[in-house]
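Enquirer: Below is one structure. I have some questions about it.
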Amino acid sequence: MPAATPLRCRTLVLGLLLTLAPALACAGDGNPTDRLPTTTVTAKVDGLRLGDIAWLRRDSFGLDSATLARYRELGRTRFLDEQLAGGDSLPPQVAAQIDSLAVISTPLGQQLADYQERAQQFKQVPAGPAKDAAKTAFQQYRRDIYLQAAQAEMLHAIYGSDQLKEQLVWFWLNHFSVYADKGPVRLFTADYEEHVIRPHALGKFKDLVMATLQSPAMLVFLDNVHNVKDKTNENYARELMELHTLGVNSGYSQQDVQQLMRILTGAGLLPAKPEARRKLFAHARPGLVRDGLFLFNPNQHDFGDKNFLGQTIRGSGYDEIAQAVDLIVNQPACAHFISQQLATYFIADQPPASLVDAMAKTFQRSDGDIAAVMRTMLLSPEASAIDEHKFKDPMRFLVSAMRLTYDGQPIPNAVPLVNWLRQMDEPLYGRITPDGWPLDSASWTGSGQMSKRFDFAGVIGSGRNRLFVDNSDAALPGASTNLPHDAPALRDSALYRDAIAQELSVATSNALTQAKSPAEWNTFLLSSPDFNYR
């Protein structure tokens, strides 16, 4: 946890947060007089109006100079078109940093073999001190796997040039949530982000569903690896409809869940041991499907006919799964549910029904084209509204604070980011239940959360943190006297002037005038209600 901050500073800013955050959490639900007070500035600042800033805050995790420059150059519609094209551009240093991570550079099959070998070696160590040492080593190995996967996602989120896509990657990771601490799931999380979610974040929704359905992370987390003929498990079938596609009370029945469970029998993973694989391939009936570690094993599939969502699906093997997914994503309930979730995350806790309906119509008309749905949403008047406030969840707070404070400057050490997010109670791949972290503002406005944000605003705003200290540098162990970075000059930056200063509330402006140093000024700004909503 960050070092203690002077009581005067904490009292001043936490008073603002605790007074105004509830109003933010309820913004749009009450009368206009209940909302956060803002200035009435409407004039342009270098060609940008408040509506432009509001739109960019929804389009991105947080603003940096490059985003503002590109938006000025292209204008909103062309800027959006470029974002919807789905690029993955990163600064060369950051791209190399991600590529150097073993969980990214090592083939998943090789990682799995290594994991199983280490697990087997640990089990074979006899009880005693050697067993304790082996346990510690294996736990550290598992922790390193998680840290690498989480670092990759944090670096993409902060430095990715296509901020709309980066937000969607996080949104879909949360929507199709997996829990790293269940069995070997952590081993699959980097692959899940890089090769399952990221390539489909702006594509067809049914392709995204199929990609998650075939991912080792999802198959293990929701137990479909244990869903086989005559020994079924309905966990994944239930959550696939309730959480991933249709939503609750959308017209399907428990019988539909059971029928989908039967359809999904045999969808699992390639056997770990080579001998088991050879035996499987030698004795499999026709219809075996393999894609990476995914395996559809016809020997474990229920080939009976199914009646699913009012339609008969003939027992044919793997093709049943594609037919079922098509049926699901073509339901009007799916179009509405996904549109509602997207609008809740990007626009407001209670988005207008007219906007959700327009997005749902685009979803149905375009065969579930996510980019088309996002275009409908982001070209709506609601996307640039300046009188709707949505409180940032910890991921948005942390990424936006990094983008504003360091403005594209690469960091050699992303481990602190992973730890900070965990301490703010929203760790990547850390939601035990499959419903993902909550999207509403009220879930993140408790006093404990506010106190933590103030602490991390101080760590980021002071510049005295381990982000710029390579973990391998023994000469810089992390003591405050050794940390080399000074407080960034946010107050004097063009980014602050253009993106924030013009809409500061009176309360926050007054608080900033009481800062005694650049580090304190940065802390006040990053922990202010103005910065903590979008």
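Lettering and numbering for the structure tokens are positional, with chains as A, B, ... in the shown order, residues counted from 1 in each chain, and ligands counted from 1 in the shown order.
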Please build the interface table for stretch 239-351 of chain A against stretch 431-436 of chain A with a cut-off of 10 Å, listing for each qualifying residue the nearest atom pair and the distance in Å to one decimal; count only C-alpha atoms, order rows by chain and increasing number, and write it as a Markdown table.

Expert:
| residue | atom | partner | partner_atom | distance |
| --- | --- | --- | --- | --- |
| A:Glu239 | CA | A:Pro434 | CA | 7.6 |
| A:Glu242 | CA | A:Asp435 | CA | 9.3 |
| A:Leu243 | CA | A:Asp435 | CA | 6.3 |
| A:His244 | CA | A:Asp435 | CA | 8.7 |

Enquirer: Can you pull out every residue within 12 Å of A:Asp369, counting only C-alpha atoms, but drop anything in the same chain fewer than 2 positions away, and send it as a ChimeraX atom specification?

Expert: /A:84,200-208,329-330,335,338-339,359-367,371-376

Enquirer: Those residues with C-alpha atoms, as a tab-separated table (two decimals), in the first residue's frame please?

Expert:
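The resulting again17.tsv:
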chain	number	residue	atom	x	y	z
A	84	LEU	CA	-13.66	0.93	-35.69
A	200	HIS	CA	-12.95	-10.45	-32.21
A	201	ALA	CA	-13.55	-7.33	-30.11
A	202	LEU	CA	-14.98	-5.38	-33.08
A	203	GLY	CA	-16.13	-8.29	-35.24
A	204	LYS	CA	-19.32	-10.34	-35.41
A	205	PHE	CA	-20.72	-11.20	-32.01
A	206	LYS	CA	-21.39	-14.82	-32.94
A	207	ASP	CA	-17.71	-15.24	-33.87
A	208	LEU	CA	-16.76	-13.84	-30.47
A	329	VAL	CA	-27.42	-14.64	-31.24
A	330	ASN	CA	-30.35	-14.19	-33.63
A	335	ALA	CA	-29.49	-7.94	-29.50
A	338	ILE	CA	-25.73	-6.86	-25.53
A	339	SER	CA	-26.77	-3.35	-26.56
A	359	MET	CA	-28.32	-0.23	-31.10
A	360	ALA	CA	-30.35	-3.44	-30.95
A	361	LYS	CA	-31.84	-2.74	-34.38
A	362	THR	CA	-28.33	-2.25	-35.77
A	363	PHE	CA	-27.26	-5.51	-34.10
A	364	GLN	CA	-30.07	-7.43	-35.80
A	365	ARG	CA	-29.73	-5.68	-39.15
A	366	SER	CA	-25.95	-6.25	-39.30
A	367	ASP	CA	-25.91	-9.87	-38.12
A	371	ALA	CA	-18.43	-2.25	-34.91
A	372	ALA	CA	-21.76	-1.26	-36.46
A	373	VAL	CA	-23.44	-1.30	-33.05
A	374	MET	CA	-20.67	0.86	-31.59
A	375	ARG	CA	-20.99	3.29	-34.49
A	376	THR	CA	-24.71	3.71	-33.78

Enquirer: Give me, please, the distance in Å between atom CA of A:Gly317 and atom CA of A:Ser177, quoted to one decimal.

Expert: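 Those two atoms sit 26.7 Å apart.
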
Enquirer: Between stretch 51-128 of chain A and stretch 212-231 of chain A, at 12 Å or less, what are the per-residue closest atom pairs and their distances in Å? Count only C-alpha atoms, order by chain and rising residue number, and return it as a tab-separated table.

Expert:
residue	atom	partner	partner_atom	distance
A:Leu108	CA	A:Pro216	CA	10.0
A:Gly109	CA	A:Pro216	CA	10.9
A:Leu112	CA	A:Pro216	CA	10.7

Enquirer: Could you check how far atom CA of A:Leu48 sits from atom CA of A:Ala383, in Å to one decimal?

Expert: 15.2 Å

Enquirer: So which residues touch A:Leu280 within 10 Å, counting only C-alpha atoms, skipping near sequence neighbours fewer than 5 positions away, as a ChimeraX atom specification?

Expert: /A:270-271,274-275,285,288,297,299

Enquirer: For the residues selected in the previous step, produce a file with N, CA, C and O atoms as a compact mmCIF listing (two decimals), in the first residue's frame.

Expert:
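Final output, saved to selection-v7.txt:
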# COMPACT_ATOMS: atom_id res chain seq x y z
N LEU A 270 -7.81 -30.93 -25.54
CA LEU A 270 -6.94 -32.00 -25.99
C LEU A 270 -6.32 -32.67 -24.77
O LEU A 270 -5.89 -31.99 -23.84
N PRO A 271 -6.27 -34.00 -24.72
CA PRO A 271 -5.62 -34.66 -23.57
C PRO A 271 -4.19 -34.19 -23.39
O PRO A 271 -3.46 -33.93 -24.36
N PRO A 274 0.74 -37.32 -24.24
CA PRO A 274 0.86 -37.80 -25.62
C PRO A 274 0.24 -39.18 -25.83
O PRO A 274 -0.37 -39.43 -26.87
N GLU A 275 0.40 -40.06 -24.85
CA GLU A 275 -0.16 -41.40 -24.99
C GLU A 275 -1.68 -41.35 -25.10
O GLU A 275 -2.29 -42.07 -25.90
N ARG A 285 -14.37 -41.71 -33.33
CA ARG A 285 -15.32 -41.87 -34.44
C ARG A 285 -15.22 -40.64 -35.34
O ARG A 285 -14.65 -39.61 -34.95
N LEU A 288 -14.32 -35.79 -35.22
CA LEU A 288 -13.42 -35.16 -34.26
C LEU A 288 -12.94 -33.82 -34.82
O LEU A 288 -12.56 -33.72 -35.97
N ASN A 297 -14.73 -33.98 -29.06
CA ASN A 297 -14.56 -35.43 -29.06
C ASN A 297 -15.91 -36.10 -29.30
O ASN A 297 -16.76 -36.13 -28.41
N ASN A 299 -16.69 -39.09 -29.34
CA ASN A 299 -16.92 -40.22 -28.44
C ASN A 299 -17.61 -39.79 -27.14
O ASN A 299 -18.19 -40.63 -26.44

Enquirer: In terms of the shortest atom-to-atom distance over only C-alpha atoms, which of A:Gly247, A:Gly292, A:Pro351, A:Pro199 is closest to A:Asp88?

Expert: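 For A:Asp88, the nearest of the given residues is A:Pro199.
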
Enquirer: I want to know what sits within 9 Å of A:Ser316, based on only C-alpha atoms, with residues of the same chain fewer than 5 positions away left out; could you give that as a PyMOL selection string?

Expert: chain A and resi 287+303-305

Enquirer: Selected residues, N, CA and C atoms, written as a short mmCIF file (atom, residue, chain, number, x, y, z; two decimals), in the first residue's frame, please.

Expert:
data_model
loop_
_atom_site.label_atom_id
_atom_site.label_comp_id
_atom_site.auth_asym_id
_atom_site.auth_seq_id
_atom_site.Cartn_x
_atom_site.Cartn_y
_atom_site.Cartn_z
N GLY A 287 -15.79 -37.13 -37.09
CA GLY A 287 -16.34 -35.89 -36.56
C GLY A 287 -15.49 -35.24 -35.50
N PHE A 303 -25.42 -37.71 -29.26
CA PHE A 303 -25.85 -37.53 -30.65
C PHE A 303 -27.36 -37.54 -30.83
N GLY A 304 -28.13 -37.57 -29.76
CA GLY A 304 -29.57 -37.50 -29.91
C GLY A 304 -30.03 -36.15 -30.41
N ASP A 305 -31.24 -36.11 -31.01
CA ASP A 305 -31.80 -34.84 -31.46
C ASP A 305 -32.14 -33.97 -30.24
#

Enquirer: What is the atom CA of A:Asp114 to atom CA of A:Asp181 distance in Å?

Expert: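 Result for atom CA of A:Asp114 versus atom CA of A:Asp181: 17.9 Å, one decimal.
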
Enquirer: List the neighbours of A:Leu269 out to 6 Å using only C-alpha atoms; skip same-chain residues closer than 4 positions along the sequence, and give me the result as a PyMOL selection string.

Expert: chain A and resi 293-295

Enquirer: Taking the DSSP assignment computed from this structure's backbone, write out as a ChimeraX atom specification all residues of stretch 253-412 of chain A that belong to alpha helix (DSSP H).

Expert: /A:254-263,274-283,319-329,332-346,353-365,370-378,394-406

Enquirer: Per residue of stretch 169-282 of chain A within 12 Å of stretch 53-71 of chain A, record the nearest atom pair and its distance in Å to one decimal, counting only C-alpha atoms, with rows in chain order and ascending residue number, as JSON lines.

Expert:
{"residue": "A:Val169", "atom": "CA", "partner": "A:Phe61", "partner_atom": "CA", "distance": 11.4}
{"residue": "A:Trp170", "atom": "CA", "partner": "A:Phe61", "partner_atom": "CA", "distance": 10.1}
{"residue": "A:Phe171", "atom": "CA", "partner": "A:Phe61", "partner_atom": "CA", "distance": 11.3}

Enquirer: Using only C-alpha atoms, determine which residues lie at most 10 Å from A:Tyr192, disregarding the query and same-chain residues fewer than 3 positions distant; provide the list as a ChimeraX atom specification.

Expert: /A:149,173,178,185-189,195-198,211-212,215-218

Enquirer: Can I get the selection written as a PDB file, in the first residue's frame, with N, CA and C atoms?

Expert:
ATOM      1  N   ALA A 149       0.492 -12.125 -17.658  1.00  0.00           N
ATOM      2  CA  ALA A 149      -0.741 -11.971 -18.422  1.00  0.00           C
ATOM      3  C   ALA A 149      -1.413 -10.639 -18.105  1.00  0.00           C
ATOM      4  N   LEU A 173     -13.546  -9.036 -21.971  1.00  0.00           N
ATOM      5  CA  LEU A 173     -12.888  -9.863 -20.952  1.00  0.00           C
ATOM      6  C   LEU A 173     -13.744  -9.935 -19.694  1.00  0.00           C
ATOM      7  N   VAL A 178     -13.456 -14.877 -16.793  1.00  0.00           N
ATOM      8  CA  VAL A 178     -12.861 -16.131 -16.300  1.00  0.00           C
ATOM      9  C   VAL A 178     -12.050 -15.805 -15.050  1.00  0.00           C
ATOM     10  N   VAL A 185      -6.491 -22.126 -15.006  1.00  0.00           N
ATOM     11  CA  VAL A 185      -7.051 -21.062 -15.846  1.00  0.00           C
ATOM     12  C   VAL A 185      -6.043 -19.946 -16.074  1.00  0.00           C
ATOM     13  N   ARG A 186      -5.254 -19.586 -15.034  1.00  0.00           N
ATOM     14  CA  ARG A 186      -4.286 -18.496 -15.204  1.00  0.00           C
ATOM     15  C   ARG A 186      -3.329 -18.765 -16.358  1.00  0.00           C
ATOM     16  N   LEU A 187      -3.060 -20.018 -16.610  1.00  0.00           N
ATOM     17  CA  LEU A 187      -2.157 -20.374 -17.702  1.00  0.00           C
ATOM     18  C   LEU A 187      -2.732 -19.961 -19.054  1.00  0.00           C
ATOM     19  N   PHE A 188      -4.049 -19.881 -19.141  1.00  0.00           N
ATOM     20  CA  PHE A 188      -4.714 -19.603 -20.410  1.00  0.00           C
ATOM     21  C   PHE A 188      -5.118 -18.143 -20.578  1.00  0.00           C
ATOM     22  N   THR A 189      -4.924 -17.300 -19.547  1.00  0.00           N
ATOM     23  CA  THR A 189      -5.475 -15.941 -19.604  1.00  0.00           C
ATOM     24  C   THR A 189      -4.810 -15.065 -20.656  1.00  0.00           C
ATOM     25  N   HIS A 195      -5.609 -13.873 -28.218  1.00  0.00           N
ATOM     26  CA  HIS A 195      -6.039 -14.645 -29.381  1.00  0.00           C
ATOM     27  C   HIS A 195      -7.518 -14.998 -29.410  1.00  0.00           C
ATOM     28  N   VAL A 196      -8.238 -14.731 -28.321  1.00  0.00           N
ATOM     29  CA  VAL A 196      -9.677 -15.011 -28.289  1.00  0.00           C
ATOM     30  C   VAL A 196     -10.467 -13.698 -28.311  1.00  0.00           C
ATOM     31  N   ILE A 197     -10.217 -12.841 -27.327  1.00  0.00           N
ATOM     32  CA  ILE A 197     -10.993 -11.602 -27.207  1.00  0.00           C
ATOM     33  C   ILE A 197     -10.517 -10.537 -28.184  1.00  0.00           C
ATOM     34  N   ARG A 198      -9.241 -10.235 -28.192  1.00  0.00           N
ATOM     35  CA  ARG A 198      -8.721  -9.111 -28.972  1.00  0.00           C
ATOM     36  C   ARG A 198      -9.053  -9.209 -30.471  1.00  0.00           C
ATOM     37  N   ALA A 211     -15.520 -18.127 -30.341  1.00  0.00           N
ATOM     38  CA  ALA A 211     -14.121 -18.099 -29.915  1.00  0.00           C
ATOM     39  C   ALA A 211     -14.009 -18.340 -28.419  1.00  0.00           C
ATOM     40  N   THR A 212     -14.880 -17.724 -27.620  1.00  0.00           N
ATOM     41  CA  THR A 212     -14.832 -17.953 -26.174  1.00  0.00           C
ATOM     42  C   THR A 212     -15.257 -19.381 -25.844  1.00  0.00           C
ATOM     43  N   SER A 215     -12.331 -21.643 -26.152  1.00  0.00           N
ATOM     44  CA  SER A 215     -11.111 -21.260 -25.450  1.00  0.00           C
ATOM     45  C   SER A 215     -10.870 -22.151 -24.233  1.00  0.00           C
ATOM     46  N   PRO A 216      -9.626 -22.570 -24.007  1.00  0.00           N
ATOM     47  CA  PRO A 216      -9.324 -23.361 -22.813  1.00  0.00           C
ATOM     48  C   PRO A 216      -9.730 -22.662 -21.525  1.00  0.00           C
ATOM     49  N   ALA A 217      -9.540 -21.332 -21.452  1.00  0.00           N
ATOM     50  CA  ALA A 217      -9.876 -20.604 -20.228  1.00  0.00           C
ATOM     51  C   ALA A 217     -11.349 -20.777 -19.871  1.00  0.00           C
ATOM     52  N   MET A 218     -12.247 -20.614 -20.849  1.00  0.00           N
ATOM     53  CA  MET A 218     -13.677 -20.713 -20.585  1.00  0.00           C
ATOM     54  C   MET A 218     -14.100 -22.155 -20.344  1.00  0.00           C
TER      55      MET A 218
END
